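Q: Structure provided below as structure tokens; questions to follow.
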Amino acid sequence: QQQVKQSPQSLIVQKGGIPIINCAYENTAFDYFPWYQQFPGKGPALLIAIRPDVSEKKEGRFTISFNKSAKQFSLHIMDSQPGDSATYFCAAASGGGADGLTFGKGTHLIIQP
Amino acid sequence: DSGVTQTPKHLITATGQRVTLRCSPRSGDLSVYWYQQSLDQGLQFLIQYYNGEERAKGNILERFSAQQFPDLHSELNLSSLELGDSALYFCASSKQGAGELFFGEGSRLTVL
């Protein structure tokens with residue numbers, strides 16, 4: 001049973017556009033929601049994370065929006081660049097992140113020049 | 001470089017065989033996680049160890065087992081291998097078993 005649903009599976013955006021990746025979860029015990037970025041041949045790396053006490057978090061060009069009542073969160077990439085082309089995974093965990101992360105299935109993002 | 005080291009990077013073996021994947025966590029990290037990544041299933045959590053003790057179990061098959069040694073390195077043992085076990089196996093570590101996970105570059109297993 002997939003506990004974190006991620007969409008879309010793939011996304012193509014022109015340079016400068018704002019790709020948006022969405023995730024939904026079911027487990028109300030989840031209280032830590034990170035996004036990981038993975039380049040080909042590499043392991044995933046933490047991009048940005050949010051806890052449910054805030055509705056938005058920005059780090060550089062990356063923003064997480066969080067809707068606790070809808071049990072949804074999303075990643076926005078402002079002024080996207082070809083170097084942002086990667087696979088993005090949302091994830092969720094309980095215990096403040098102490099329990100194993102449950103990942104979405106990933107979004108393969110391509111930013112066209 | 002995340003500081004997490006996984007060996008081997010690539011492994012090709014036959015069905016029915018047994019392999020061992022090794023992971024050295026970042027210096028000071030007490031928690032080790034194993035994940036399986038396949039094209040259709042994404043990143044599947046297998047198992048977590050914290051300071052030598054099993055802490056959480058995910059979708060790990062009975063044919064798979066893992067352990068964390070006193071020096072904190074971990075091994076994932078995969079036995080009676082099947083074609084469907086072909087995947088990337090990632091190890092990750094974290095300081096106190098919470099927050100950011102640091103992933104290695106993975107071990108790609110191909111079962112023929």
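Ordering of the structure tokens sets the chain letters (A, B, ...), residue numbers begin anew at 1 in every chain, and ligands are numbered from 1 in the order given.
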Got a sec to pull out which chain A residues are within 9 Å of chain B, counting only C-alpha atoms, and send them as a PyMOL selection string?
A: chain A and resi 32+34+41-46+49+89+95-106
Q: Extract, using only C-alpha atoms, all DNA, RNA and protein residues at most 9 Å from Asn27 (chain A), discarding same-chain residues fewer than 4 positions from it, and format them as a ChimeraX atom specification.
A: /A:3-4,71,94
Q: Include N, CA, C and O atoms and write out the residues we just selected as a PDB file, in the first residue's frame.
A:
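Output file selection-v7.pdb follows:
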ATOM      1  N   GLN A   3       1.768   4.813   0.645  1.00  0.00           N
ATOM      2  CA  GLN A   3       1.298   5.794   1.611  1.00  0.00           C
ATOM      3  C   GLN A   3       1.551   7.220   1.168  1.00  0.00           C
ATOM      4  O   GLN A   3       0.991   8.142   1.732  1.00  0.00           O
ATOM      5  N   VAL A   4       2.419   7.411   0.185  1.00  0.00           N
ATOM      6  CA  VAL A   4       2.688   8.740  -0.356  1.00  0.00           C
ATOM      7  C   VAL A   4       2.532   8.667  -1.873  1.00  0.00           C
ATOM      8  O   VAL A   4       3.266   7.939  -2.524  1.00  0.00           O
ATOM      9  N   LYS A  71      -3.946  17.056   3.519  1.00  0.00           N
ATOM     10  CA  LYS A  71      -2.871  16.055   3.538  1.00  0.00           C
ATOM     11  C   LYS A  71      -2.138  16.048   2.207  1.00  0.00           C
ATOM     12  O   LYS A  71      -1.951  14.985   1.580  1.00  0.00           O
ATOM     13  N   SER A  94       7.159   9.774  10.326  1.00  0.00           N
ATOM     14  CA  SER A  94       6.612  10.145  11.628  1.00  0.00           C
ATOM     15  C   SER A  94       7.762  10.240  12.627  1.00  0.00           C
ATOM     16  O   SER A  94       8.924  10.029  12.274  1.00  0.00           O
TER      17      SER A  94
END
Q: Using only C-alpha atoms, which residue out of B:Glu53, B:Gln68, B:Gln36, B:Asn77 lies closest to Thr20 (chain B)?
A: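 Of B:Glu53, B:Gln68, B:Gln36, B:Asn77, the one nearest Thr20 (chain B), counting only C-alpha atoms, is B:Asn77.
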Q: Residues within 7 Å of Lys5 (chain A), please, as a tab-separated table (two decimals) with N, CA and C atoms, in the first residue's frame. Count only C-alpha atoms; anything in the same chain fewer than 5 positions from it doesn't count.
A:
chain	number	residue	atom	x	y	z
A	23	CYS	N	2.33	15.96	-3.94
A	23	CYS	CA	2.30	14.72	-3.18
A	23	CYS	C	1.14	14.72	-2.20
A	24	ALA	N	0.57	13.56	-1.97
A	24	ALA	CA	-0.51	13.39	-1.02
A	24	ALA	C	-0.19	12.21	-0.12
A	25	TYR	N	-0.56	12.34	1.14
A	25	TYR	CA	-0.29	11.25	2.08
A	25	TYR	C	-1.56	10.87	2.81
A	104	GLY	N	7.59	8.84	-2.21
A	104	GLY	CA	6.76	8.77	-3.39
A	104	GLY	C	7.54	8.08	-4.50
Q: With distances taken over only C-alpha atoms, which residue among B:Leu81, B:Thr5, B:Phe69, B:Phe64 lies nearest Ser27 (chain B)?
A: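 Using only C-alpha atoms, Ser27 (chain B) sits closest to B:Thr5.
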Q: Apply DSSP to the structure's backbone, then extract all residues of region 33-100 of chain B labelled strand (DSSP E) and return them as a PyMOL selection string.
A: chain B and resi 33-38+42-50+53-57+64-68+74-78+87-94
Q: Restricting the output to N, CA, C and O atoms, write the selected residues as a short mmCIF file (atom, residue, chain, number, x, y, z; two decimals), in the first residue's frame.
A:
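That gives us part.cif:
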data_model
loop_
_atom_site.label_atom_id
_atom_site.label_comp_id
_atom_site.auth_asym_id
_atom_site.auth_seq_id
_atom_site.Cartn_x
_atom_site.Cartn_y
_atom_site.Cartn_z
N TYR B 33 20.16 2.92 7.00
CA TYR B 33 18.93 2.52 6.33
C TYR B 33 19.30 1.83 5.02
O TYR B 33 20.25 2.22 4.36
N TRP B 34 18.48 0.87 4.63
CA TRP B 34 18.62 0.25 3.31
C TRP B 34 17.34 0.48 2.52
O TRP B 34 16.23 0.30 3.04
N TYR B 35 17.52 0.89 1.26
CA TYR B 35 16.41 1.11 0.35
C TYR B 35 16.67 0.36 -0.95
O TYR B 35 17.81 0.21 -1.39
N GLN B 36 15.59 -0.09 -1.57
CA GLN B 36 15.67 -0.71 -2.88
C GLN B 36 15.01 0.23 -3.88
O GLN B 36 13.90 0.73 -3.62
N GLN B 37 15.69 0.51 -5.00
CA GLN B 37 15.10 1.37 -6.02
C GLN B 37 14.95 0.61 -7.32
O GLN B 37 15.92 0.13 -7.89
N SER B 38 13.72 0.50 -7.77
CA SER B 38 13.45 -0.08 -9.08
C SER B 38 12.61 0.92 -9.86
O SER B 38 12.03 1.85 -9.29
N GLY B 42 9.91 2.81 -7.39
CA GLY B 42 10.55 3.92 -6.70
C GLY B 42 11.48 3.44 -5.61
O GLY B 42 12.07 2.37 -5.69
N LEU B 43 11.58 4.21 -4.54
CA LEU B 43 12.46 3.90 -3.40
C LEU B 43 11.65 3.18 -2.32
O LEU B 43 10.79 3.76 -1.69
N GLN B 44 11.97 1.91 -2.12
CA GLN B 44 11.26 1.12 -1.12
C GLN B 44 12.15 0.93 0.11
O GLN B 44 13.27 0.44 0.00
N PHE B 45 11.61 1.31 1.27
CA PHE B 45 12.34 1.16 2.52
C PHE B 45 12.41 -0.32 2.89
O PHE B 45 11.40 -1.02 2.93
N LEU B 46 13.61 -0.78 3.18
CA LEU B 46 13.80 -2.18 3.55
C LEU B 46 13.95 -2.34 5.06
O LEU B 46 13.19 -3.06 5.71
N ILE B 47 14.95 -1.68 5.63
CA ILE B 47 15.23 -1.89 7.04
C ILE B 47 16.11 -0.76 7.57
O ILE B 47 16.84 -0.12 6.82
N GLN B 48 16.00 -0.51 8.88
CA GLN B 48 16.80 0.50 9.55
C GLN B 48 17.48 -0.09 10.77
O GLN B 48 16.86 -0.85 11.53
N TYR B 49 18.74 0.26 10.97
CA TYR B 49 19.47 -0.10 12.18
C TYR B 49 19.91 1.17 12.89
O TYR B 49 20.21 2.18 12.25
N TYR B 50 19.91 1.10 14.20
CA TYR B 50 20.38 2.21 15.01
C TYR B 50 21.36 1.66 16.04
O TYR B 50 20.97 0.88 16.91
N GLU B 53 21.30 -2.07 16.56
CA GLU B 53 20.02 -2.75 16.80
C GLU B 53 19.05 -2.46 15.67
O GLU B 53 18.98 -1.33 15.18
N GLU B 54 18.27 -3.47 15.29
CA GLU B 54 17.23 -3.24 14.30
C GLU B 54 16.19 -2.30 14.88
O GLU B 54 15.67 -2.53 15.98
N ARG B 55 15.84 -1.25 14.10
CA ARG B 55 14.91 -0.27 14.63
C ARG B 55 13.57 -0.28 13.90
O ARG B 55 12.53 -0.06 14.50
N ALA B 56 13.61 -0.48 12.59
CA ALA B 56 12.36 -0.47 11.83
C ALA B 56 12.52 -1.38 10.63
O ALA B 56 13.61 -1.54 10.09
N LYS B 57 11.42 -2.00 10.26
CA LYS B 57 11.43 -2.91 9.13
C LYS B 57 10.38 -2.46 8.14
O LYS B 57 9.26 -2.13 8.52
N PHE B 64 15.95 -11.77 2.39
CA PHE B 64 16.93 -10.70 2.62
C PHE B 64 17.16 -10.56 4.12
O PHE B 64 16.21 -10.68 4.92
N SER B 65 18.36 -10.24 4.50
CA SER B 65 18.65 -9.96 5.90
C SER B 65 19.74 -8.90 5.98
O SER B 65 20.46 -8.67 5.01
N ALA B 66 19.83 -8.26 7.10
CA ALA B 66 20.83 -7.21 7.26
C ALA B 66 21.35 -7.23 8.68
O ALA B 66 20.74 -7.82 9.58
N GLN B 67 22.48 -6.59 8.88
CA GLN B 67 22.98 -6.38 10.23
C GLN B 67 23.88 -5.15 10.25
O GLN B 67 24.39 -4.73 9.22
N GLN B 68 24.02 -4.60 11.45
CA GLN B 68 24.94 -3.48 11.65
C GLN B 68 25.96 -3.92 12.69
O GLN B 68 25.61 -4.39 13.77
N SER B 74 27.34 -1.64 7.85
CA SER B 74 26.19 -2.52 7.71
C SER B 74 26.34 -3.38 6.47
O SER B 74 27.02 -3.00 5.51
N GLU B 75 25.73 -4.53 6.51
CA GLU B 75 25.69 -5.42 5.35
C GLU B 75 24.26 -5.86 5.09
O GLU B 75 23.51 -6.12 6.04
N LEU B 76 23.92 -5.92 3.82
CA LEU B 76 22.63 -6.42 3.38
C LEU B 76 22.88 -7.71 2.62
O LEU B 76 23.62 -7.71 1.63
N ASN B 77 22.31 -8.80 3.09
CA ASN B 77 22.47 -10.10 2.47
C ASN B 77 21.22 -10.46 1.69
O ASN B 77 20.11 -10.42 2.23
N LEU B 78 21.42 -10.80 0.43
CA LEU B 78 20.31 -11.17 -0.44
C LEU B 78 20.54 -12.61 -0.89
O LEU B 78 21.59 -12.91 -1.49
N ALA B 87 17.95 -4.52 -9.11
CA ALA B 87 17.57 -3.16 -8.70
C ALA B 87 18.82 -2.44 -8.22
O ALA B 87 19.90 -3.02 -8.13
N LEU B 88 18.63 -1.18 -7.89
CA LEU B 88 19.65 -0.39 -7.20
C LEU B 88 19.36 -0.48 -5.71
O LEU B 88 18.22 -0.25 -5.29
N TYR B 89 20.37 -0.80 -4.94
CA TYR B 89 20.21 -0.87 -3.48
C TYR B 89 21.00 0.28 -2.86
O TYR B 89 22.20 0.39 -3.05
N PHE B 90 20.27 1.13 -2.15
CA PHE B 90 20.90 2.28 -1.52
C PHE B 90 21.01 2.09 -0.02
O PHE B 90 20.09 1.59 0.63
N CYS B 91 22.11 2.55 0.48
CA CYS B 91 22.30 2.68 1.91
C CYS B 91 22.28 4.17 2.24
O CYS B 91 22.75 4.99 1.45
N ALA B 92 21.69 4.50 3.38
CA ALA B 92 21.70 5.89 3.84
C ALA B 92 22.04 5.89 5.32
O ALA B 92 21.83 4.88 6.01
N SER B 93 22.55 7.00 5.79
CA SER B 93 22.82 7.10 7.22
C SER B 93 22.34 8.44 7.76
O SER B 93 22.15 9.40 7.01
N SER B 94 22.12 8.48 9.04
CA SER B 94 21.76 9.73 9.71
C SER B 94 22.33 9.71 11.11
O SER B 94 22.66 8.64 11.64
#
